[in-house]
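Q: Dropping in final_29.cif, with mmCIF, C-alpha atoms and all ligand atoms; chains and numbers go by the auth columns.
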```cif
data_target
#
loop_
_atom_site.group_PDB
_atom_site.id
_atom_site.type_symbol
_atom_site.label_atom_id
_atom_site.label_comp_id
_atom_site.label_asym_id
_atom_site.label_seq_id
_atom_site.Cartn_x
_atom_site.Cartn_y
_atom_site.Cartn_z
_atom_site.B_iso_or_equiv
_atom_site.auth_seq_id
_atom_site.auth_asym_id
ATOM 1 C CA MET A 1 94.988 15.295 -155.648 0.00 40 P
ATOM 2 C CA LYS A 2 98.441 16.335 -154.630 0.00 41 P
ATOM 3 C CA VAL A 3 100.822 17.788 -157.177 0.00 42 P
ATOM 4 C CA LYS A 4 104.381 17.323 -156.018 0.00 43 P
ATOM 5 C CA PRO A 5 106.495 20.431 -156.532 0.00 44 P
ATOM 6 C CA ALA A 6 109.235 19.886 -159.091 0.00 45 P
ATOM 7 C CA ALA A 7 112.721 19.515 -157.620 0.00 46 P
ATOM 8 C CA ASN A 8 113.929 22.682 -159.364 0.00 47 P
ATOM 9 C CA ILE A 9 111.096 24.734 -157.842 0.00 48 P
ATOM 10 C CA LEU A 10 112.085 23.522 -154.393 0.00 49 P
ATOM 11 C CA SER A 11 115.793 24.189 -154.934 0.00 50 P
ATOM 12 C CA ALA A 12 115.084 27.714 -156.237 0.00 51 P
ATOM 13 C CA ASN A 13 112.977 28.268 -153.127 0.00 52 P
ATOM 14 C CA ASP A 14 115.745 26.936 -150.875 0.00 53 P
ATOM 15 C CA ALA A 15 118.246 29.395 -152.364 0.00 54 P
ATOM 16 C CA ILE A 16 115.993 32.343 -151.461 0.00 55 P
ATOM 17 C CA ALA A 17 115.296 30.786 -148.054 0.00 56 P
ATOM 18 C CA SER A 18 119.066 30.707 -147.398 0.00 57 P
ATOM 19 C CA ASP A 19 119.303 34.421 -148.232 0.00 58 P
ATOM 20 C CA ASN A 20 116.390 35.138 -145.879 0.00 59 P
ATOM 21 C CA ARG A 21 118.041 33.066 -143.139 0.00 60 P
ATOM 22 C CA ARG A 22 121.309 34.976 -143.499 0.00 61 P
ATOM 23 C CA LEU A 23 119.417 38.269 -143.192 0.00 62 P
ATOM 24 C CA PHE A 24 117.569 37.027 -140.080 0.00 63 P
ATOM 25 C CA ARG A 25 120.858 35.863 -138.489 0.00 64 P
ATOM 26 C CA GLU A 26 122.619 39.148 -139.241 0.00 65 P
ATOM 27 C CA ASN A 27 119.799 41.022 -137.569 0.00 66 P
ATOM 28 C CA GLY A 28 119.378 38.657 -134.616 0.00 67 P
ATOM 29 C CA VAL A 29 115.735 37.878 -135.267 0.00 68 P
ATOM 30 C CA PHE A 30 114.264 34.488 -134.383 0.00 69 P
ATOM 31 C CA VAL A 31 111.816 33.325 -137.059 0.00 70 P
ATOM 32 C CA ILE A 32 109.052 30.788 -136.628 0.00 71 P
ATOM 33 C CA ASN A 33 106.877 29.365 -139.413 0.00 72 P
ATOM 34 C CA LEU A 34 103.433 28.502 -138.032 0.00 73 P
ATOM 35 C CA MET A 35 101.432 25.923 -139.978 0.00 74 P
ATOM 36 C CA SER A 36 98.001 24.324 -139.582 0.00 75 P
ATOM 37 C CA SER A 37 94.805 23.519 -141.414 0.00 76 P
ATOM 38 C CA PRO A 38 92.284 26.366 -141.899 0.00 77 P
ATOM 39 C CA GLY A 39 90.358 27.124 -138.714 0.00 78 P
ATOM 40 C CA ALA A 40 92.718 25.500 -136.207 0.00 79 P
ATOM 41 C CA GLY A 41 93.231 28.894 -134.586 0.00 80 P
ATOM 42 C CA LYS A 42 96.613 30.195 -135.790 0.00 81 P
ATOM 43 C CA THR A 43 95.673 33.865 -135.669 0.00 82 P
ATOM 44 C CA THR A 44 93.962 33.479 -132.309 0.00 83 P
ATOM 45 C CA LEU A 45 97.054 31.706 -130.969 0.00 84 P
ATOM 46 C CA LEU A 46 99.159 34.627 -132.202 0.00 85 P
ATOM 47 C CA GLU A 47 96.862 37.177 -130.540 0.00 86 P
ATOM 48 C CA GLU A 48 97.140 35.320 -127.243 0.00 87 P
ATOM 49 C CA THR A 49 100.912 34.821 -127.616 0.00 88 P
ATOM 50 C CA ILE A 50 101.482 38.486 -128.425 0.00 89 P
ATOM 51 C CA ALA A 51 99.381 39.539 -125.424 0.00 90 P
ATOM 52 C CA ARG A 52 101.711 37.537 -123.174 0.00 91 P
ATOM 53 C CA LEU A 53 105.091 38.237 -124.781 0.00 92 P
ATOM 54 C CA SER A 54 105.061 41.596 -126.513 0.00 93 P
ATOM 55 C CA GLY A 55 105.887 43.511 -123.309 0.00 94 P
ATOM 56 C CA SER A 56 109.413 42.078 -123.278 0.00 95 P
ATOM 57 C CA ILE A 57 109.874 40.759 -126.839 0.00 96 P
ATOM 58 C CA LYS A 58 109.686 42.785 -130.056 0.00 97 P
ATOM 59 C CA ILE A 59 107.437 40.815 -132.407 0.00 98 P
ATOM 60 C CA ALA A 60 106.273 41.215 -136.006 0.00 99 P
ATOM 61 C CA VAL A 61 103.967 38.983 -138.025 0.00 100 P
ATOM 62 C CA ILE A 62 103.652 38.013 -141.680 0.00 101 P
ATOM 63 C CA GLU A 63 100.186 36.704 -142.493 0.00 102 P
ATOM 64 C CA GLY A 64 99.702 34.363 -145.424 0.00 103 P
ATOM 65 C CA ASP A 65 96.215 33.873 -146.801 0.00 104 P
ATOM 66 C CA VAL A 66 94.722 33.098 -150.192 0.00 105 P
ATOM 67 C CA ALA A 67 92.567 36.250 -149.907 0.00 106 P
ATOM 68 C CA THR A 68 91.672 39.115 -147.524 0.00 107 P
ATOM 69 C CA SER A 69 93.688 41.162 -144.999 0.00 108 P
ATOM 70 C CA ALA A 70 91.460 40.116 -142.108 0.00 109 P
ATOM 71 C CA ASP A 71 94.174 38.340 -140.128 0.00 110 P
ATOM 72 C CA ALA A 72 96.791 41.104 -140.498 0.00 111 P
ATOM 73 C CA LEU A 73 94.180 43.608 -139.279 0.00 112 P
ATOM 74 C CA ARG A 74 93.538 41.422 -136.225 0.00 113 P
ATOM 75 C CA ILE A 75 97.282 41.314 -135.460 0.00 114 P
ATOM 76 C CA GLU A 76 97.687 45.077 -135.930 0.00 115 P
ATOM 77 C CA LYS A 77 95.021 45.602 -133.273 0.00 116 P
ATOM 78 C CA THR A 78 97.419 44.004 -130.774 0.00 117 P
ATOM 79 C CA GLY A 79 99.932 46.783 -131.525 0.00 118 P
ATOM 80 C CA VAL A 80 102.387 44.504 -133.331 0.00 119 P
ATOM 81 C CA PRO A 81 103.342 45.284 -136.952 0.00 120 P
ATOM 82 C CA ALA A 82 101.836 42.864 -139.474 0.00 121 P
ATOM 83 C CA VAL A 83 102.056 42.437 -143.224 0.00 122 P
ATOM 84 C CA GLN A 84 99.481 40.481 -145.199 0.00 123 P
ATOM 85 C CA ILE A 85 100.556 38.392 -148.158 0.00 124 P
ATOM 86 C CA ASN A 86 97.730 37.258 -150.443 0.00 125 P
ATOM 87 C CA THR A 87 98.840 34.221 -152.374 0.00 126 P
ATOM 88 C CA GLY A 88 96.010 34.327 -154.939 0.00 127 P
ATOM 89 C CA ASN A 89 95.335 30.674 -155.602 0.00 128 P
ATOM 90 C CA LEU A 90 98.579 29.388 -154.068 0.00 129 P
ATOM 91 C CA CYS A 91 98.153 27.159 -151.033 0.00 130 P
ATOM 92 C CA HIS A 92 101.431 27.945 -149.210 0.00 131 P
ATOM 93 C CA LEU A 93 103.931 30.749 -148.619 0.00 132 P
ATOM 94 C CA ASP A 94 107.315 30.491 -150.275 0.00 133 P
ATOM 95 C CA ALA A 95 110.634 32.147 -149.483 0.00 134 P
ATOM 96 C CA GLY A 96 110.252 34.798 -152.192 0.00 135 P
ATOM 97 C CA MET A 97 106.894 35.945 -150.812 0.00 136 P
ATOM 98 C CA VAL A 98 108.379 36.278 -147.341 0.00 137 P
ATOM 99 C CA ARG A 99 111.388 38.152 -148.714 0.00 138 P
ATOM 100 C CA SER A 100 109.088 40.616 -150.499 0.00 139 P
ATOM 101 C CA ALA A 101 107.357 41.441 -147.195 0.00 140 P
ATOM 102 C CA LEU A 102 110.535 42.055 -145.176 0.00 141 P
ATOM 103 C CA SER A 103 111.065 45.636 -146.358 0.00 142 P
ATOM 104 C CA GLU A 104 107.875 46.558 -144.445 0.00 143 P
ATOM 105 C CA PHE A 105 109.617 45.911 -141.103 0.00 144 P
ATOM 106 C CA ASP A 106 112.551 47.375 -139.198 0.00 145 P
ATOM 107 C CA ILE A 107 114.160 43.911 -139.022 0.00 146 P
ATOM 108 C CA LYS A 108 117.015 45.016 -136.795 0.00 147 P
ATOM 109 C CA SER A 109 114.630 46.080 -134.043 0.00 148 P
ATOM 110 C CA LEU A 110 112.853 42.698 -133.904 0.00 149 P
ATOM 111 C CA ASP A 111 113.403 39.737 -131.579 0.00 150 P
ATOM 112 C CA MET A 112 110.899 37.445 -133.281 0.00 151 P
ATOM 113 C CA LEU A 113 109.169 37.288 -136.644 0.00 152 P
ATOM 114 C CA ILE A 114 106.216 34.936 -136.838 0.00 153 P
ATOM 115 C CA VAL A 115 105.161 33.735 -140.276 0.00 154 P
ATOM 116 C CA GLU A 116 101.577 32.487 -140.249 0.00 155 P
ATOM 117 C CA ASN A 117 101.367 30.195 -143.238 0.00 156 P
ATOM 118 C CA VAL A 118 98.320 29.552 -145.414 0.00 157 P
ATOM 119 C CA GLY A 119 95.963 27.073 -143.756 0.00 158 P
ATOM 120 C CA ASN A 120 96.906 23.759 -145.366 0.00 159 P
ATOM 121 C CA LEU A 121 98.283 20.487 -144.015 0.00 160 P
ATOM 122 C CA VAL A 122 100.342 19.533 -147.061 0.00 161 P
ATOM 123 C CA CYS A 123 102.741 21.804 -148.930 0.00 162 P
ATOM 124 C CA PRO A 124 103.601 24.514 -146.362 0.00 163 P
ATOM 125 C CA ALA A 125 105.925 21.889 -144.859 0.00 164 P
ATOM 126 C CA GLU A 126 107.791 21.556 -148.175 0.00 165 P
ATOM 127 C CA PHE A 127 108.655 25.231 -148.655 0.00 166 P
ATOM 128 C CA ASN A 128 111.231 26.684 -146.268 0.00 167 P
ATOM 129 C CA VAL A 129 111.031 30.434 -145.897 0.00 168 P
ATOM 130 C CA GLY A 130 114.297 30.865 -143.960 0.00 169 P
ATOM 131 C CA GLU A 131 112.795 30.164 -140.537 0.00 170 P
ATOM 132 C CA ASP A 132 114.669 28.921 -137.468 0.00 171 P
ATOM 133 C CA CYS A 133 111.896 26.461 -136.752 0.00 172 P
ATOM 134 C CA LYS A 134 108.454 25.375 -137.780 0.00 173 P
ATOM 135 C CA ALA A 135 105.545 24.948 -135.406 0.00 174 P
ATOM 136 C CA MET A 136 102.446 22.938 -136.121 0.00 175 P
ATOM 137 C CA LEU A 137 99.028 23.763 -134.715 0.00 176 P
ATOM 138 C CA LEU A 138 96.421 21.030 -134.511 0.00 177 P
ATOM 139 C CA SER A 139 92.998 21.630 -133.006 0.00 178 P
ATOM 140 C CA ALA A 140 91.024 19.023 -131.123 0.00 179 P
ATOM 141 C CA ALA A 141 88.066 19.646 -133.455 0.00 180 P
ATOM 142 C CA GLU A 142 90.057 18.285 -136.430 0.00 181 P
ATOM 143 C CA GLY A 143 90.521 14.801 -135.025 0.00 182 P
ATOM 144 C CA ASP A 144 93.454 12.871 -133.588 0.00 183 P
ATOM 145 C CA ASP A 145 94.204 11.062 -136.871 0.00 184 P
ATOM 146 C CA LYS A 146 96.020 14.037 -138.421 0.00 185 P
ATOM 147 C CA PRO A 147 99.609 13.200 -137.346 0.00 186 P
ATOM 148 C CA LEU A 148 99.558 9.851 -139.154 0.00 187 P
ATOM 149 C CA LYS A 149 97.683 11.243 -142.182 0.00 188 P
ATOM 150 C CA TYR A 150 99.902 14.305 -142.678 0.00 189 P
ATOM 151 C CA PRO A 151 103.240 13.143 -141.256 0.00 190 P
ATOM 152 C CA LEU A 152 105.521 15.647 -143.015 0.00 191 P
ATOM 153 C CA MET A 153 104.066 18.614 -141.117 0.00 192 P
ATOM 154 C CA PHE A 154 104.786 16.887 -137.814 0.00 193 P
ATOM 155 C CA HIS A 155 108.173 15.594 -138.952 0.00 194 P
ATOM 156 C CA GLU A 156 109.389 19.070 -139.938 0.00 195 P
ATOM 157 C CA SER A 157 108.135 20.899 -136.837 0.00 196 P
ATOM 158 C CA SER A 158 109.962 21.606 -133.587 0.00 197 P
ATOM 159 C CA ALA A 159 106.766 22.245 -131.650 0.00 198 P
ATOM 160 C CA LEU A 160 103.235 20.907 -131.791 0.00 199 P
ATOM 161 C CA VAL A 161 100.496 23.036 -130.274 0.00 200 P
ATOM 162 C CA ILE A 162 97.228 21.186 -129.689 0.00 201 P
ATOM 163 C CA ASN A 163 94.547 23.874 -129.486 0.00 202 P
ATOM 164 C CA LYS A 164 90.903 23.852 -128.394 0.00 203 P
ATOM 165 C CA THR A 165 91.498 21.359 -125.581 0.00 204 P
ATOM 166 C CA ASP A 166 88.337 22.804 -123.980 0.00 205 P
ATOM 167 C CA LEU A 167 86.373 21.052 -126.773 0.00 206 P
ATOM 168 C CA ILE A 168 87.831 17.597 -126.068 0.00 207 P
ATOM 169 C CA PRO A 169 84.916 16.473 -123.831 0.00 208 P
ATOM 170 C CA HIS A 170 82.584 17.078 -126.816 0.00 209 P
ATOM 171 C CA THR A 171 84.653 15.117 -129.353 0.00 210 P
ATOM 172 C CA ASN A 172 86.302 11.722 -129.849 0.00 211 P
ATOM 173 C CA PHE A 173 89.707 13.411 -129.816 0.00 212 P
ATOM 174 C CA SER A 174 92.295 11.532 -127.767 0.00 213 P
ATOM 175 C CA LEU A 175 95.083 13.791 -126.581 0.00 214 P
ATOM 176 C CA GLU A 176 97.172 10.736 -125.762 0.00 215 P
ATOM 177 C CA LYS A 177 96.770 9.254 -129.259 0.00 216 P
ATOM 178 C CA ALA A 178 97.563 12.565 -130.968 0.00 217 P
ATOM 179 C CA ARG A 179 100.641 13.041 -128.800 0.00 218 P
ATOM 180 C CA ARG A 180 101.827 9.425 -129.177 0.00 219 P
ATOM 181 C CA ASP A 181 101.378 9.404 -132.964 0.00 220 P
ATOM 182 C CA ALA A 182 103.059 12.787 -133.393 0.00 221 P
ATOM 183 C CA LEU A 183 106.017 11.689 -131.249 0.00 222 P
ATOM 184 C CA SER A 184 106.297 8.441 -133.233 0.00 223 P
ATOM 185 C CA ILE A 185 106.880 10.596 -136.326 0.00 224 P
ATOM 186 C CA ASN A 186 109.140 13.097 -134.546 0.00 225 P
ATOM 187 C CA PRO A 187 110.394 12.169 -131.063 0.00 226 P
ATOM 188 C CA LYS A 188 111.909 15.646 -130.605 0.00 227 P
ATOM 189 C CA LEU A 189 108.569 17.489 -130.876 0.00 228 P
ATOM 190 C CA ALA A 190 107.756 19.738 -127.941 0.00 229 P
ATOM 191 C CA VAL A 191 104.002 19.261 -127.402 0.00 230 P
ATOM 192 C CA PHE A 192 101.786 21.991 -125.921 0.00 231 P
ATOM 193 C CA PRO A 193 98.109 21.173 -125.338 0.00 232 P
ATOM 194 C CA LEU A 194 96.276 24.440 -124.733 0.00 233 P
ATOM 195 C CA SER A 195 93.058 26.346 -125.120 0.00 234 P
ATOM 196 C CA CYS A 196 93.155 29.860 -126.511 0.00 235 P
ATOM 197 C CA ARG A 197 89.584 30.254 -125.260 0.00 236 P
ATOM 198 C CA THR A 198 90.273 29.482 -121.590 0.00 237 P
ATOM 199 C CA GLY A 199 93.971 30.376 -121.588 0.00 238 P
ATOM 200 C CA GLU A 200 94.927 27.015 -120.107 0.00 239 P
ATOM 201 C CA GLY A 201 98.371 25.860 -121.287 0.00 240 P
ATOM 202 C CA LEU A 202 99.331 29.128 -122.987 0.00 241 P
ATOM 203 C CA GLU A 203 101.988 29.865 -120.380 0.00 242 P
ATOM 204 C CA ASP A 204 104.015 26.737 -121.288 0.00 243 P
ATOM 205 C CA TRP A 205 103.923 27.538 -125.004 0.00 244 P
ATOM 206 C CA CYS A 206 104.925 31.164 -124.436 0.00 245 P
ATOM 207 C CA GLY A 207 107.693 30.026 -122.092 0.00 246 P
ATOM 208 C CA TRP A 208 109.076 27.703 -124.759 0.00 247 P
ATOM 209 C CA LEU A 209 109.071 30.549 -127.297 0.00 248 P
ATOM 210 C CA ALA A 210 110.733 32.942 -124.850 0.00 249 P
ATOM 211 C CA ASP A 211 113.452 30.321 -124.194 0.00 250 P
ATOM 212 C CA ARG A 212 114.082 29.919 -127.948 0.00 251 P
ATOM 213 C CA ILE A 213 114.390 33.694 -128.306 0.00 252 P
ATOM 214 C CA GLY A 214 116.754 33.819 -125.324 0.00 253 P
ATOM 215 C CA GLU A 215 118.964 31.127 -126.871 0.00 254 P
ATOM 216 C CA ASN A 216 118.906 33.041 -130.138 0.00 255 P
ATOM 217 C CA ARG A 217 120.121 36.210 -128.397 0.00 256 P
ATOM 218 C CA CYS A 218 122.993 34.255 -126.778 0.00 257 P
ATOM 219 C CA LEU A 219 123.965 32.578 -130.059 0.00 258 P
ATOM 220 C CA ARG A 220 123.987 35.788 -132.029 0.00 259 P
ATOM 221 C CA GLY A 221 125.240 38.104 -129.287 0.00 260 P
HETATM 222 MG MG MG B . 94.772 33.033 -139.762 0.00 301 P
HETATM 223 ZN ZN ZN B . 100.846 24.773 -151.677 0.00 302 P
#
```
As structure tokens - that is how I would like this structure written.
Ligand code: MG
Ligand code: ZN

A:
Amino acid sequence: MKVKPAANILSANDAIASDNRRLFRENGVFVINLMSSPGAGKTTLLEETIARLSGSIKIAVIEGDVATSADALRIEKTGVPAVQINTGNLCHLDAGMVRSALSEFDIKSLDMLIVENVGNLVCPAEFNVGEDCKAMLLSAAEGDDKPLKYPLMFHESSALVINKTDLIPHTNFSLEKARRDALSINPKLAVFPLSCRTGEGLEDWCGWLADRIGENRCLRG
């Protein structure tokens, strides 16, 4: 069952998201909201991304989970600051939760803040947190039917990462179908098939992120 958030809840969230966005702009930090189902590999993708980018780009991470600090601890091991938000029984992060975590960081020193949303293919796409863009992570193990079944996630995202491509030979997953269906929902999606396990494809994804951060620096001086 899906309970649609009331319009006033969404507009209250959008007001806080606008405040967050203003703060991010003032401080020149590029913010990405990473969404996926549980187990697609968001935290692993972040570990691999940080390993490749953190030499030249100052990164911080907000981790959203229903319970535990396990993912923030994994990120901290990479040397990047991380704050864990536990949502209790809530299945998404909202703008207020992100705002409450920001005081833990030296925002001005950051180039990129990555918000790892709660694993869920439905409502994270409905709650803006003030991000510059959303990215969607789909793993080959989940099946290639997800773009058509959960179109909002794909519609709202700027990038689609397709993880666990090393598993494709052991599944019925069609990379072409997933890509075609996702692009039919959002023709502007940048699609990055990759495997965090083998490292294949990670360079393209990290290059795309580095380009976005570069553009952000130019825009904001
Ligand atoms: Mg995680
Ligand atoms: Zn939710």

Q: What do you get, as number ranges by chain, if you spell out every residue that the PyMOL selection byres (((chain P and resi 224) around 8) and not hetatm) selects here?

A: P: 186-187, 190, 193-194, 220-223, 225-226

Q: Which residue is closest to ligand ZN 302 (chain P)? Choose from P:Ile124, P:Leu160, P:Ala198, P:Val154 and count all atoms listed in the file.

A: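 Closest candidate: P:Leu160.
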
Q: Distance limit 12 Å, reference ligand MG 301 (chain P), atoms considered: only C-alpha atoms and all ligand atoms. Which residues make the cut? Give them as a JSON list (two decimals) with C-alpha atoms, in the frame of the given file.

A:
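For reference, selection00.json as written:
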```json
[["chain", "number", "residue", "atom", "x", "y", "z"],
["P", 73, "LEU", "CA", 103.43, 28.50, -138.03],
["P", 74, "MET", "CA", 101.43, 25.92, -139.98],
["P", 75, "SER", "CA", 98.00, 24.32, -139.58],
["P", 76, "SER", "CA", 94.80, 23.52, -141.41],
["P", 77, "PRO", "CA", 92.28, 26.37, -141.90],
["P", 78, "GLY", "CA", 90.36, 27.12, -138.71],
["P", 79, "ALA", "CA", 92.72, 25.50, -136.21],
["P", 80, "GLY", "CA", 93.23, 28.89, -134.59],
["P", 81, "LYS", "CA", 96.61, 30.20, -135.79],
["P", 82, "THR", "CA", 95.67, 33.86, -135.67],
["P", 83, "THR", "CA", 93.96, 33.48, -132.31],
["P", 84, "LEU", "CA", 97.05, 31.71, -130.97],
["P", 85, "LEU", "CA", 99.16, 34.63, -132.20],
["P", 86, "GLU", "CA", 96.86, 37.18, -130.54],
["P", 100, "VAL", "CA", 103.97, 38.98, -138.02],
["P", 101, "ILE", "CA", 103.65, 38.01, -141.68],
["P", 102, "GLU", "CA", 100.19, 36.70, -142.49],
["P", 103, "GLY", "CA", 99.70, 34.36, -145.42],
["P", 104, "ASP", "CA", 96.22, 33.87, -146.80],
["P", 105, "VAL", "CA", 94.72, 33.10, -150.19],
["P", 106, "ALA", "CA", 92.57, 36.25, -149.91],
["P", 107, "THR", "CA", 91.67, 39.12, -147.52],
["P", 108, "SER", "CA", 93.69, 41.16, -145.00],
["P", 109, "ALA", "CA", 91.46, 40.12, -142.11],
["P", 110, "ASP", "CA", 94.17, 38.34, -140.13],
["P", 111, "ALA", "CA", 96.79, 41.10, -140.50],
["P", 112, "LEU", "CA", 94.18, 43.61, -139.28],
["P", 113, "ARG", "CA", 93.54, 41.42, -136.22],
["P", 114, "ILE", "CA", 97.28, 41.31, -135.46],
["P", 123, "GLN", "CA", 99.48, 40.48, -145.20],
["P", 124, "ILE", "CA", 100.56, 38.39, -148.16],
["P", 125, "ASN", "CA", 97.73, 37.26, -150.44],
["P", 153, "ILE", "CA", 106.22, 34.94, -136.84],
["P", 154, "VAL", "CA", 105.16, 33.74, -140.28],
["P", 155, "GLU", "CA", 101.58, 32.49, -140.25],
["P", 156, "ASN", "CA", 101.37, 30.20, -143.24],
["P", 157, "VAL", "CA", 98.32, 29.55, -145.41],
["P", 158, "GLY", "CA", 95.96, 27.07, -143.76],
["P", 159, "ASN", "CA", 96.91, 23.76, -145.37],
["P", 176, "LEU", "CA", 99.03, 23.76, -134.72]]
```

Q: Would you write out, as CSV, a table of all residues in chain P that have an atom no more than 10 Å from an atom of ligand ZN 302 (chain P), listing for each the closest atom pair and the distance in Å to one decimal, considering only C-alpha atoms and all ligand atoms and ordering rows by chain and rising residue number?

A:
```
residue,atom,partner,partner_atom,distance
P:Lys41,CA,P:ZN302,ZN,9.3
P:Val42,CA,P:ZN302,ZN,8.9
P:Lys43,CA,P:ZN302,ZN,9.3
P:Pro44,CA,P:ZN302,ZN,8.6
P:Thr126,CA,P:ZN302,ZN,9.7
P:Asn128,CA,P:ZN302,ZN,9.0
P:Leu129,CA,P:ZN302,ZN,5.7
P:Cys130,CA,P:ZN302,ZN,3.7
P:His131,CA,P:ZN302,ZN,4.1
P:Leu132,CA,P:ZN302,ZN,7.4
P:Asp133,CA,P:ZN302,ZN,8.7
P:Val157,CA,P:ZN302,ZN,8.3
P:Gly158,CA,P:ZN302,ZN,9.6
P:Asn159,CA,P:ZN302,ZN,7.5
P:Leu160,CA,P:ZN302,ZN,9.1
P:Val161,CA,P:ZN302,ZN,7.0
P:Cys162,CA,P:ZN302,ZN,4.5
P:Pro163,CA,P:ZN302,ZN,6.0
P:Ala164,CA,P:ZN302,ZN,9.0
P:Glu165,CA,P:ZN302,ZN,8.4
P:Phe166,CA,P:ZN302,ZN,8.4
```

Q: Rank P:Gly135, P:Gly127, P:Pro120, P:Gly240 by their smallest atom-to-atom distance to Asp58 (chain P), using all atoms listed in the file, and report the top residue only.

A: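 Once distances to Asp58 (chain P) are computed over all atoms listed in the file, the minimum belongs to P:Gly135.
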
Q: Would you compute the distance between CA of Leu141 (chain P) and CA of Leu177 (chain P)? Give it in Å to one decimal.

A: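 The value is 27.5 Å.
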
Q: Near Leu62 (chain P), counting all atoms listed in the file, which residues have an atom at most 10 Å away, once you skip same-chain residues fewer than 5 positions from it, shown as a ChimeraX atom specification?

A: /P:56-57,67-68,138,141,146-147,169

Q: Quick one: everything within 9 Å of Asp184 (chain P), counting all atoms listed in the file, minus sequence neighbours fewer than 2 positions away in the same chain. Send it as a count of residues only.

A: 10

Q: Could you list, as a ChimeraX atom specification, every residue within 10 Å of Leu248 (chain P), counting all atoms listed in the file and ignoring same-chain residues fewer than 3 positions away?

A: /P:69,71,88,92,151,198,242-245,251-254

Q: CA of Asp183 (chain P) and CA of Leu214 (chain P), how far apart in Å?

A: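 Between these atoms lies a distance of 7.3 Å.
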
Q: Between CA of Leu149 (chain P) and CA of Ile98 (chain P), what distance in Å does the model show, to one decimal?

A: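 Taking CA of Leu149 (chain P) and CA of Ile98 (chain P), their separation equals 5.9 Å.
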
Q: Evaluated on this file, the PyMOL selection byres (((chain P and resi 201) around 9) and not hetatm) picks out some residues - which ones are they, written as number ranges by chain?

A: P: 175-179, 199-200, 202-204, 214, 217-218, 230-234

Q: For the residues in that selection, give me C-alpha atoms as an mmCIF file, in the frame of the given file.

A:
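Result saved to part.cif:
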```cif
data_model
loop_
_atom_site.group_PDB
_atom_site.id
_atom_site.type_symbol
_atom_site.label_atom_id
_atom_site.label_comp_id
_atom_site.auth_asym_id
_atom_site.auth_seq_id
_atom_site.Cartn_x
_atom_site.Cartn_y
_atom_site.Cartn_z
ATOM 1 C CA MET P 175 102.446 22.938 -136.121
ATOM 2 C CA LEU P 176 99.028 23.763 -134.715
ATOM 3 C CA LEU P 177 96.421 21.030 -134.511
ATOM 4 C CA SER P 178 92.998 21.630 -133.006
ATOM 5 C CA ALA P 179 91.024 19.023 -131.123
ATOM 6 C CA LEU P 199 103.235 20.907 -131.791
ATOM 7 C CA VAL P 200 100.496 23.036 -130.274
ATOM 8 C CA ASN P 202 94.547 23.874 -129.486
ATOM 9 C CA LYS P 203 90.903 23.852 -128.394
ATOM 10 C CA THR P 204 91.498 21.359 -125.581
ATOM 11 C CA LEU P 214 95.083 13.791 -126.581
ATOM 12 C CA ALA P 217 97.563 12.565 -130.968
ATOM 13 C CA ARG P 218 100.641 13.041 -128.800
ATOM 14 C CA VAL P 230 104.002 19.261 -127.402
ATOM 15 C CA PHE P 231 101.786 21.991 -125.921
ATOM 16 C CA PRO P 232 98.109 21.173 -125.338
ATOM 17 C CA LEU P 233 96.276 24.440 -124.733
ATOM 18 C CA SER P 234 93.058 26.346 -125.120
#
```

Q: Tell me which of P:Ser196, P:Asn47, P:Asn59, P:Asn66 sits closest to Asn255 (chain P), counting only C-alpha atoms.

A: P:Asn66

Q: From the set P:Cys172, P:Ala180, P:Ala46, P:Ala249, which residue has the shortest atom-to-atom contact distance to Pro208 (chain P), counting only C-alpha atoms?

A: P:Ala180

Q: Between P:Val122, P:Ser197, P:Met136, P:Arg91, which residue has the minimum interatomic distance to Ile55 (chain P), considering all atoms listed in the file?

A: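 Result for the nearest residue to Ile55 (chain P): P:Met136.
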